[in-house]
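Structure below is query.tsv: TSV, C-alpha atoms.
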```tsv
chain	number	residue	atom	x	y	z
A	1117	MET	CA	0.00	0.00	0.00
A	1118	ARG	CA	1.42	3.39	-1.01
A	1119	VAL	CA	-1.06	5.96	0.32
A	1120	GLN	CA	0.36	9.43	-0.22
A	1121	LEU	CA	-0.29	12.65	1.65
A	1122	HIS	CA	-1.56	14.52	-1.37
A	1123	GLN	CA	-4.12	11.77	-1.95
A	1124	LEU	CA	-5.40	12.24	1.59
A	1125	ARG	CA	-5.61	16.01	1.01
A	1126	TYR	CA	-7.64	15.45	-2.15
A	1127	PHE	CA	-9.90	12.96	-0.36
A	1128	VAL	CA	-10.56	15.39	2.51
A	1129	ALA	CA	-11.31	18.20	0.03
A	1130	VAL	CA	-13.91	16.10	-1.79
A	1131	ALA	CA	-15.39	14.90	1.50
A	1132	GLU	CA	-15.80	18.47	2.74
A	1133	VAL	CA	-17.34	20.06	-0.37
A	1134	ARG	CA	-19.00	16.88	-1.76
A	1135	HIS	CA	-18.15	17.93	-5.30
A	1136	PHE	CA	-15.18	16.78	-7.42
A	1137	THR	CA	-14.85	19.91	-9.55
A	1138	GLN	CA	-15.06	22.27	-6.58
A	1139	ALA	CA	-12.58	20.13	-4.67
A	1140	ALA	CA	-10.17	20.24	-7.60
A	1141	ASP	CA	-10.37	24.04	-7.64
A	1142	LEU	CA	-9.81	24.07	-3.89
A	1143	VAL	CA	-6.57	22.06	-4.05
A	1144	GLY	CA	-5.36	23.63	-7.29
A	1145	ILE	CA	-5.44	20.71	-9.76
A	1146	THR	CA	-7.69	19.66	-12.62
A	1147	GLN	CA	-10.79	17.60	-11.97
A	1148	PRO	CA	-9.54	14.60	-14.03
A	1149	SER	CA	-6.27	14.56	-12.08
A	1150	LEU	CA	-8.11	14.66	-8.78
A	1151	SER	CA	-10.45	11.86	-9.84
A	1152	LYS	CA	-7.47	9.77	-10.90
A	1153	GLN	CA	-5.77	10.23	-7.53
A	1154	ILE	CA	-8.95	9.37	-5.63
A	1155	HIS	CA	-9.32	6.23	-7.74
A	1156	ALA	CA	-5.70	5.30	-7.00
A	1157	LEU	CA	-6.32	5.81	-3.27
A	1158	GLU	CA	-9.42	3.61	-3.41
A	1159	THR	CA	-7.44	0.93	-5.25
A	1160	ASP	CA	-4.65	0.99	-2.64
A	1161	LEU	CA	-7.15	0.84	0.22
A	1162	GLY	CA	-9.26	-1.84	-1.46
A	1163	ALA	CA	-12.58	-0.06	-0.95
A	1164	PRO	CA	-14.60	2.74	-2.59
A	1165	LEU	CA	-14.66	5.98	-0.61
A	1166	PHE	CA	-17.46	7.85	-2.40
A	1167	GLU	CA	-20.74	6.98	-4.02
A	1168	ARG	CA	-23.18	9.01	-6.05
A	1169	VAL	CA	-26.69	9.22	-4.60
A	1170	ARG	CA	-29.19	10.97	-6.87
A	1171	GLY	CA	-26.43	13.08	-8.35
A	1172	ASN	CA	-24.87	13.95	-4.99
A	1173	ILE	CA	-21.54	12.77	-3.62
A	1174	ALA	CA	-21.74	10.78	-0.37
A	1175	LEU	CA	-19.15	9.00	1.73
A	1176	THR	CA	-19.23	5.23	1.86
A	1177	THR	CA	-18.74	3.46	5.17
A	1178	ALA	CA	-15.03	3.17	4.36
A	1179	GLY	CA	-14.92	6.89	3.57
A	1180	GLU	CA	-16.57	7.78	6.89
A	1181	VAL	CA	-13.94	5.72	8.72
A	1182	LEU	CA	-11.06	7.27	6.79
A	1183	LEU	CA	-12.11	10.93	7.05
A	1184	PRO	CA	-11.24	11.65	10.73
A	1185	LEU	CA	-8.05	9.59	10.40
A	1186	ALA	CA	-7.00	11.49	7.27
A	1187	LYS	CA	-7.65	14.84	8.96
A	1188	ARG	CA	-5.59	13.80	11.95
A	1189	ILE	CA	-2.70	12.61	9.77
A	1190	LEU	CA	-2.66	15.87	7.81
A	1191	ALA	CA	-2.83	17.92	11.01
A	1192	ASP	CA	0.08	15.95	12.50
A	1193	VAL	CA	2.16	16.47	9.36
A	1194	GLU	CA	1.46	20.21	9.50
A	1195	THR	CA	2.48	20.28	13.17
A	1196	ALA	CA	5.70	18.39	12.40
A	1197	THR	CA	6.48	20.80	9.56
A	1198	ARG	CA	6.04	23.85	11.78
A	1199	GLU	CA	8.16	22.27	14.51
A	1200	VAL	CA	11.04	21.57	12.13
A	1201	GLN	CA	10.79	25.06	10.65
A	1202	GLU	CA	11.07	26.55	14.12
A	1203	LEU	CA	14.11	24.42	14.90
A	1204	VAL	CA	15.95	25.61	11.79
A	1205	GLY	CA	15.30	29.22	12.62
A	1206	LEU	CA	12.05	30.14	10.84
A	1207	ARG	CA	10.45	32.47	13.36
A	1208	ARG	CA	7.09	32.47	11.77
A	1209	GLY	CA	4.58	30.05	13.17
A	1210	ARG	CA	0.98	29.60	14.21
A	1211	VAL	CA	-0.78	28.71	17.40
A	1212	ARG	CA	-4.49	27.97	17.55
A	1213	LEU	CA	-6.34	28.51	20.83
A	1214	GLY	CA	-9.91	27.47	21.52
A	1215	ALA	CA	-11.96	28.97	24.35
A	1216	THR	CA	-15.52	28.93	25.61
A	1217	PRO	CA	-17.40	32.22	25.08
A	1218	SER	CA	-17.00	33.36	28.70
A	1219	LEU	CA	-13.28	32.58	28.73
A	1220	ALA	CA	-12.71	34.05	25.25
A	1221	THR	CA	-13.81	37.44	26.60
A	1222	SER	CA	-12.20	37.28	30.05
A	1223	LEU	CA	-9.16	35.03	30.43
A	1224	ALA	CA	-7.96	34.77	26.83
A	1225	PRO	CA	-7.41	38.49	25.93
A	1226	PRO	CA	-4.70	39.33	28.51
A	1227	VAL	CA	-2.96	36.00	27.87
A	1228	LEU	CA	-2.92	36.57	24.12
A	1229	ARG	CA	-1.66	40.13	24.66
A	1230	ARG	CA	1.31	38.82	26.65
A	1231	PHE	CA	2.02	36.21	24.01
A	1232	ARG	CA	1.80	38.78	21.21
A	1233	ASP	CA	4.18	41.14	23.02
A	1234	ALA	CA	6.73	38.34	23.42
A	1235	HIS	CA	6.27	36.74	19.99
A	1236	PRO	CA	4.96	39.33	17.52
A	1237	THR	CA	5.72	37.25	14.40
A	1238	VAL	CA	3.65	34.21	15.42
A	1239	ASP	CA	0.18	33.95	13.90
A	1240	LEU	CA	-2.49	33.76	16.62
A	1241	ARG	CA	-5.84	32.19	15.88
A	1242	ILE	CA	-8.77	31.96	18.30
A	1243	GLU	CA	-11.75	29.62	18.02
A	1244	GLU	CA	-14.78	30.27	20.23
A	1245	GLY	CA	-17.24	27.51	21.04
A	1246	GLY	CA	-18.70	25.16	23.61
A	1247	SER	CA	-16.36	22.71	25.30
A	1248	GLN	CA	-17.80	19.74	23.41
A	1249	ASP	CA	-17.02	21.47	20.13
A	1250	LEU	CA	-13.53	22.44	21.30
A	1251	VAL	CA	-12.72	18.89	22.43
A	1252	ARG	CA	-13.77	17.64	19.00
A	1253	ASP	CA	-11.55	20.23	17.29
A	1254	LEU	CA	-8.59	19.32	19.50
A	1255	LEU	CA	-8.94	15.64	18.64
A	1256	ARG	CA	-9.19	16.49	14.94
A	1257	GLY	CA	-5.98	18.49	15.12
A	1258	ASP	CA	-7.74	21.79	14.36
A	1259	LEU	CA	-6.57	23.38	17.65
A	1260	ASP	CA	-3.31	23.36	19.61
A	1261	LEU	CA	-4.75	24.32	23.00
A	1262	ALA	CA	-8.21	24.95	24.41
A	1263	LEU	CA	-9.67	26.53	27.51
A	1264	ILE	CA	-12.60	24.28	28.32
A	1265	ILE	CA	-15.08	23.57	31.08
A	1266	MET	CA	-14.67	20.10	32.52
A	1267	PRO	CA	-17.82	17.95	32.57
A	1268	SER	CA	-19.46	17.45	35.95
A	1269	GLN	CA	-18.15	13.90	36.23
A	1270	GLY	CA	-14.62	15.19	35.59
A	1271	VAL	CA	-13.95	12.79	32.70
A	1272	VAL	CA	-12.75	14.17	29.36
A	1273	ASP	CA	-11.69	12.19	26.28
A	1274	PRO	CA	-8.63	10.06	27.15
A	1275	GLY	CA	-6.93	11.33	24.00
A	1276	LEU	CA	-6.48	14.71	25.71
A	1277	ARG	CA	-4.27	15.97	28.50
A	1278	VAL	CA	-6.50	18.16	30.66
A	1279	ASP	CA	-5.18	20.32	33.53
A	1280	PRO	CA	-7.75	22.08	35.77
A	1281	ILE	CA	-6.66	25.64	36.63
A	1282	LEU	CA	-9.65	27.62	37.96
A	1283	ARG	CA	-13.26	27.38	39.11
A	1284	GLU	CA	-16.11	29.69	38.11
A	1285	SER	CA	-19.54	30.17	39.64
A	1286	LEU	CA	-22.78	30.62	37.73
A	1287	VAL	CA	-25.28	33.38	38.51
A	1288	VAL	CA	-28.83	34.12	37.43
A	1289	ALA	CA	-29.06	36.81	34.75
A	1290	SER	CA	-32.37	38.66	34.48
A	1291	VAL	CA	-33.83	42.08	33.72
A	1292	ASP	CA	-35.88	42.41	36.90
A	1293	GLU	CA	-35.56	40.82	40.29
A	1294	VAL	CA	-36.67	37.20	40.25
A	1295	PRO	CA	-39.78	37.10	42.48
A	1296	THR	CA	-38.58	34.09	44.45
A	1297	ALA	CA	-35.28	35.67	45.56
A	1298	SER	CA	-34.64	35.45	49.30
A	1299	ALA	CA	-34.25	38.44	51.61
A	1300	SER	CA	-30.49	38.06	51.24
A	1301	GLY	CA	-30.84	38.42	47.49
A	1302	GLU	CA	-29.90	34.83	46.68
A	1303	LEU	CA	-31.74	32.19	44.71
A	1304	ARG	CA	-31.91	28.46	45.14
A	1305	ILE	CA	-32.09	26.27	42.07
A	1306	THR	CA	-35.60	25.24	43.15
A	1307	ASP	CA	-36.61	28.91	42.91
A	1308	LEU	CA	-36.16	28.66	39.13
A	1309	ARG	CA	-38.99	26.17	38.78
A	1310	GLY	CA	-41.53	27.56	36.30
A	1311	GLN	CA	-39.37	30.59	35.46
A	1312	PRO	CA	-39.04	31.16	31.68
A	1313	MET	CA	-35.42	30.48	30.76
A	1314	VAL	CA	-33.30	31.38	27.75
A	1315	MET	CA	-31.36	28.25	26.82
A	1316	PHE	CA	-28.08	27.77	25.00
A	1317	ARG	CA	-27.74	25.59	21.93
A	1318	GLU	CA	-26.60	21.99	21.97
A	1319	GLY	CA	-22.84	21.72	22.55
A	1320	TYR	CA	-22.71	24.52	25.13
A	1321	ASP	CA	-21.61	23.43	28.60
A	1322	LEU	CA	-23.99	25.98	30.11
A	1323	ARG	CA	-26.93	24.12	28.60
A	1324	ASP	CA	-25.85	20.85	30.18
A	1325	ALA	CA	-25.08	22.55	33.51
A	1326	THR	CA	-28.47	24.28	33.64
A	1327	ILE	CA	-30.49	21.21	32.75
A	1328	LYS	CA	-28.50	19.02	35.16
A	1329	ALA	CA	-28.92	21.47	38.06
A	1330	CYS	CA	-32.68	21.74	37.48
A	1331	ARG	CA	-33.18	18.00	37.19
A	1332	GLU	CA	-31.18	17.36	40.36
A	1333	ALA	CA	-33.52	19.83	42.06
A	1334	GLY	CA	-36.50	17.77	40.86
A	1335	PHE	CA	-37.89	19.69	37.89
A	1336	GLU	CA	-37.46	20.32	34.19
A	1337	PRO	CA	-36.50	23.87	33.15
A	1338	THR	CA	-39.05	25.91	31.26
A	1339	PHE	CA	-37.60	27.15	27.96
A	1340	ALA	CA	-38.74	30.54	26.70
A	1341	VAL	CA	-36.15	30.56	23.90
A	1342	ASP	CA	-33.98	27.59	22.99
A	1343	GLY	CA	-30.78	27.31	20.95
A	1344	GLY	CA	-28.87	30.58	21.38
A	1345	GLU	CA	-25.19	31.52	21.34
A	1346	MET	CA	-23.78	33.55	24.25
A	1347	ASP	CA	-24.40	37.02	22.78
A	1348	ALA	CA	-27.88	36.03	21.65
A	1349	VAL	CA	-28.78	34.55	25.04
A	1350	LEU	CA	-27.69	37.71	26.86
A	1351	SER	CA	-29.59	39.87	24.37
A	1352	PHE	CA	-32.72	37.78	24.88
A	1353	VAL	CA	-32.35	38.21	28.65
A	1354	GLU	CA	-31.98	41.99	28.16
A	1355	ALA	CA	-35.16	41.93	26.08
A	1356	GLY	CA	-37.02	40.39	29.01
A	1357	LEU	CA	-37.68	37.04	27.35
A	1358	GLY	CA	-36.42	35.04	30.32
A	1359	ILE	CA	-33.61	34.37	32.74
A	1360	ALA	CA	-30.37	32.44	32.17
A	1361	LEU	CA	-27.64	30.76	34.19
A	1362	VAL	CA	-24.31	32.24	33.10
A	1363	PRO	CA	-20.82	32.90	34.49
A	1364	GLY	CA	-20.78	36.26	36.26
A	1365	ILE	CA	-17.76	37.38	34.24
A	1366	VAL	CA	-19.80	37.68	31.01
A	1367	LEU	CA	-22.06	40.32	32.61
A	1368	ALA	CA	-19.32	42.86	33.34
A	1369	ARG	CA	-20.33	44.96	30.32
A	1370	ARG	CA	-24.07	44.32	30.54
A	1371	PRO	CA	-25.37	47.09	32.84
A	1372	GLY	CA	-28.94	46.32	31.84
A	1373	VAL	CA	-28.77	42.80	33.24
A	1374	ARG	CA	-29.41	42.07	36.90
A	1375	ILE	CA	-27.07	39.58	38.63
A	1376	THR	CA	-28.49	37.33	41.33
A	1377	PRO	CA	-26.14	34.86	43.05
A	1378	LEU	CA	-27.13	31.29	43.77
A	1379	ALA	CA	-27.32	30.15	47.38
A	1380	PRO	CA	-24.68	27.61	48.41
A	1381	PRO	CA	-23.66	25.19	47.07
A	1382	GLY	CA	-24.69	26.92	43.83
A	1383	VAL	CA	-23.35	25.73	40.49
A	1384	ARG	CA	-19.57	25.78	40.09
A	1385	ARG	CA	-17.51	24.57	37.15
A	1386	ALA	CA	-13.86	23.68	36.66
A	1387	ILE	CA	-11.90	25.58	34.00
A	1388	ALA	CA	-9.10	23.57	32.39
A	1389	VAL	CA	-6.48	23.88	29.67
A	1390	ALA	CA	-6.44	20.93	27.27
A	1391	ARG	CA	-4.31	19.62	24.43
A	1392	ARG	CA	-3.92	16.38	22.51
A	1393	ARG	CA	-1.98	13.79	24.44
A	1394	ASP	CA	-0.46	12.01	21.43
A	1395	VAL	CA	1.02	15.11	19.73
A	1396	VAL	CA	4.18	16.87	20.84
A	1397	PRO	CA	3.23	20.57	21.04
A	1398	THR	CA	5.15	23.07	18.95
A	1399	HIS	CA	7.42	25.64	20.57
A	1400	ALA	CA	4.68	28.24	20.05
A	1401	GLY	CA	2.07	25.99	21.63
A	1402	ARG	CA	4.27	25.28	24.65
A	1403	GLU	CA	5.04	28.97	25.06
A	1404	LEU	CA	1.37	29.96	24.93
A	1405	ARG	CA	0.55	27.36	27.58
A	1406	ARG	CA	3.41	28.60	29.78
A	1407	ILE	CA	2.25	32.22	29.50
A	1408	LEU	CA	-1.33	31.16	30.27
A	1409	LEU	CA	-0.33	29.28	33.43
A	1410	ASP	CA	1.98	32.10	34.55
A	1411	TYR	CA	-0.81	34.64	34.08
A	1412	VAL	CA	-3.27	32.53	36.08
A	1413	GLN	CA	-0.79	32.01	38.92
A	1414	THR	CA	0.06	35.71	39.04
A	1415	ALA	CA	-3.64	36.63	39.13
A	1416	ILE	CA	-4.17	34.15	41.99
A	1417	ASP	CA	-1.19	35.49	43.93
A	1418	GLN	CA	-2.32	39.10	43.48
A	1419	GLY	CA	-6.03	38.42	44.08
A	1420	ASP	CA	-6.81	39.73	40.62
A	1421	LEU	CA	-9.04	37.00	39.20
A	1422	PRO	CA	-12.24	38.01	37.34
A	1423	PRO	CA	-15.46	38.16	39.45
A	1424	GLY	CA	-16.85	34.72	40.21
A	1425	VAL	CA	-13.55	32.97	39.41
A	1426	GLU	CA	-11.37	31.35	42.07
A	1427	PRO	CA	-8.35	29.01	42.21
A	1428	HIS	CA	-9.09	25.37	41.49
```

Entire entry expressed as structure tokens:
Amino acid sequence: MRVQLHQLRYFVAVAEVRHFTQAADLVGITQPSLSKQIHALETDLGAPLFERVRGNIALTTAGEVLLPLAKRILADVETATREVQELVGLRRGRVRLGATPSLATSLAPPVLRRFRDAHPTVDLRIEEGGSQDLVRDLLRGDLDLALIIMPSQGVVDPGLRVDPILRESLVVASVDEVPTASASGELRITDLRGQPMVMFREGYDLRDATIKACREAGFEPTFAVDGGEMDAVLSFVEAGLGIALVPGIVLARRPGVRITPLAPPGVRRAIAVARRRDVVPTHAGRELRRILLDYVQTAIDQGDLPPGVEPH
């Protein structure tokens, strides 16, 4: 078997756009040449990778198995190339950081500023999303590092190295005071029963955390609006459509939103930095992680963590 990297690149291109001519344009070769290379790859593998269904291109079972493996191989080759280039003195590079929406607007900016000041020629890329999405992107090789929220059971994919660094507390965001708030201004999870709630889309940790907390308190949350991203959820809250459970740090620039803390034990989540376990990080990736951990430790030592965030 003589599977070649360019064949895997062509295969991934076709799989992503589901069109041979468009894929050929994407990788910069003619459509007949691309088709020939795909056919050669199928011959070497001993199985067809694509089939035509009513004029559309679809992956076969073999193609579905190969796709994540091919993406991982190509990502590893790219990482190896950047690492070697750094070792021979090429000071250009790239580091890709993923972060949840709350961390992308609070923890990530000062860390990236420090990294940029120290390494101005390195290309910085940020990907914002829910932890489930970020874990998937890490495993695919699309990210070098990610700031994620650990699941409540504390178990993340074994293919990742995950280091908890901080904890954050959730608060109730609303326009007006929630009627069931206690005299001390706190709310219990049971006080949210029957309250219209603005809910995050699938893949957001805050969705899972909210539903889990409500169910453990013996009720199902009432959704007023379902499926939003962070900015949309906060805008819906500002519009009076419902309340939401969010990290307090995302409300720093939302003067129109009322913050109500949860009574102990509340809902607390572990913040962690994650990377793939089976890939040696590049110099840039290691440096970004070092700067991140140094920043967190300095903030802890100086008592300068964002509101609602505490050492792990």

> Of the candidates A:Phe1136, A:Phe1127, A:Phe1166, A:Phe1231, which one gets nearest to Asp1410 of chain A if we count only C-alpha atoms?
Replying inline: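 Looking at the shortest contact to Asp1410 of chain A, the residue is A:Phe1231.
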
>> Here is a test: counting all atoms listed in the file, which residue of A:Thr1177, A:Ser1218, A:Thr1195, A:Gln1123 is nearest to Gly1424 of chain A?
In response: A:Ser1218

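Distance-wise, atom CA of Leu1261 of chain A and atom CA of Val1349 of chain A end up 26.2 Å apart.
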
>> Using Å and a single decimal, report how far atom CA of Asp1321 of chain A sits from atom CA of Arg1405 of chain A.
In response: 22.5 Å

> Excluding same-chain residues fewer than 2 positions from segment 1237-1243 of chain A, what lies within 10 Å of it counting all atoms listed in the file, as JSON, numbers by chain?
Replying inline: {"A": [1207, 1208, 1209, 1210, 1211, 1212, 1213, 1214, 1215, 1216, 1217, 1220, 1224, 1228, 1231, 1232, 1233, 1234, 1235, 1245, 1246, 1249, 1250, 1253, 1258, 1259, 1260, 1261, 1262, 1400, 1404]}

> So how many Å separate atom CA of Tyr1126 of chain A and atom CA of Pro1184 of chain A, to one decimal?
Replying inline: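 Here the two named atoms are 13.9 Å from each other.
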
> Which one of A:Ile1264, A:Val1389, A:Val1353, A:Ala1131 sits closest to Arg1277 of chain A if you count all atoms listed in the file?
Replying inline: A:Val1389

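Proximity of A:Glu1293, A:Glu1426, A:Glu1244, A:Asp1417 to Ala1386 of chain A, computed with only C-alpha atoms, is greatest for A:Glu1426.
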
> If we count all atoms listed in the file, what is near His1428 of chain A at a cut-off of 10 Å, once residues fewer than 4 positions away on the same chain are taken out, given as a list in words?
Replying inline: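 Here the answer would be Pro1280, Ile1281, Leu1282, Arg1283, Glu1284, Arg1385, Ala1386, Ile1387 and Ala1388 of chain A.
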
> Which polymer residues have any atom within 12 Å of an atom of Arg1323 of chain A, counting all atoms listed in the file, with same-chain residues fewer than 3 positions away left out, as JSON, numbers by chain?
Replying inline: {"A": [1246, 1247, 1248, 1267, 1286, 1313, 1314, 1315, 1316, 1317, 1318, 1319, 1320, 1326, 1327, 1328, 1329, 1330, 1337, 1339, 1342, 1343, 1344, 1345, 1346, 1349, 1360, 1361, 1362]}

>> When you count only C-alpha atoms, which of these residues is closest to Leu1408 of chain A: A:Leu1276, A:Val1373, A:Val1366, A:Leu1263?
In response: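 The answer is A:Leu1263, which sits nearest to Leu1408 of chain A.
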
May I have the residues within 8 Å of Gly1257 of chain A as an mmCIF file with C-alpha atoms, in the coordinates of the input, using all atoms listed in the file and disregarding those fewer than 4 positions away in the same chain?
```cif
data_model
loop_
_atom_site.group_PDB
_atom_site.id
_atom_site.type_symbol
_atom_site.label_atom_id
_atom_site.label_comp_id
_atom_site.auth_asym_id
_atom_site.auth_seq_id
_atom_site.Cartn_x
_atom_site.Cartn_y
_atom_site.Cartn_z
ATOM 1 C CA LYS A 1187 -7.650 14.840 8.960
ATOM 2 C CA ARG A 1188 -5.590 13.800 11.950
ATOM 3 C CA ALA A 1191 -2.830 17.920 11.010
ATOM 4 C CA ASP A 1192 0.080 15.950 12.500
ATOM 5 C CA ASP A 1253 -11.550 20.230 17.290
ATOM 6 C CA ARG A 1392 -3.920 16.380 22.510
#
```

> Which is closer to Val1425 of chain A than all the others in A:Leu1409, A:Leu1378, A:Asp1160, A:Ser1222, using all atoms listed in the file?
Replying inline: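 Closest residue, counting all atoms listed in the file: A:Ser1222.
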
>> Neighbouring residues of Glu1354 of chain A were defined as those with any atom within 12 Å, considering only C-alpha atoms; residues of the same chain fewer than 2 positions away were excluded. Please report them as a PyMOL selection string.
In response: chain A and resi 1289-1292+1314+1347-1352+1356-1360+1367+1370-1375

Hey, can I get the axis-aligned box for segment 1180-1184 of chain A? All listed atoms, 8 Å padding on each side, centre and edge lengths in Å to one decimal, as AutoDock Vina command-line options.
```
--center_x -13.8 --center_y 8.7 --center_z 8.8 --size_x 21.5 --size_y 21.9 --size_z 19.9
```
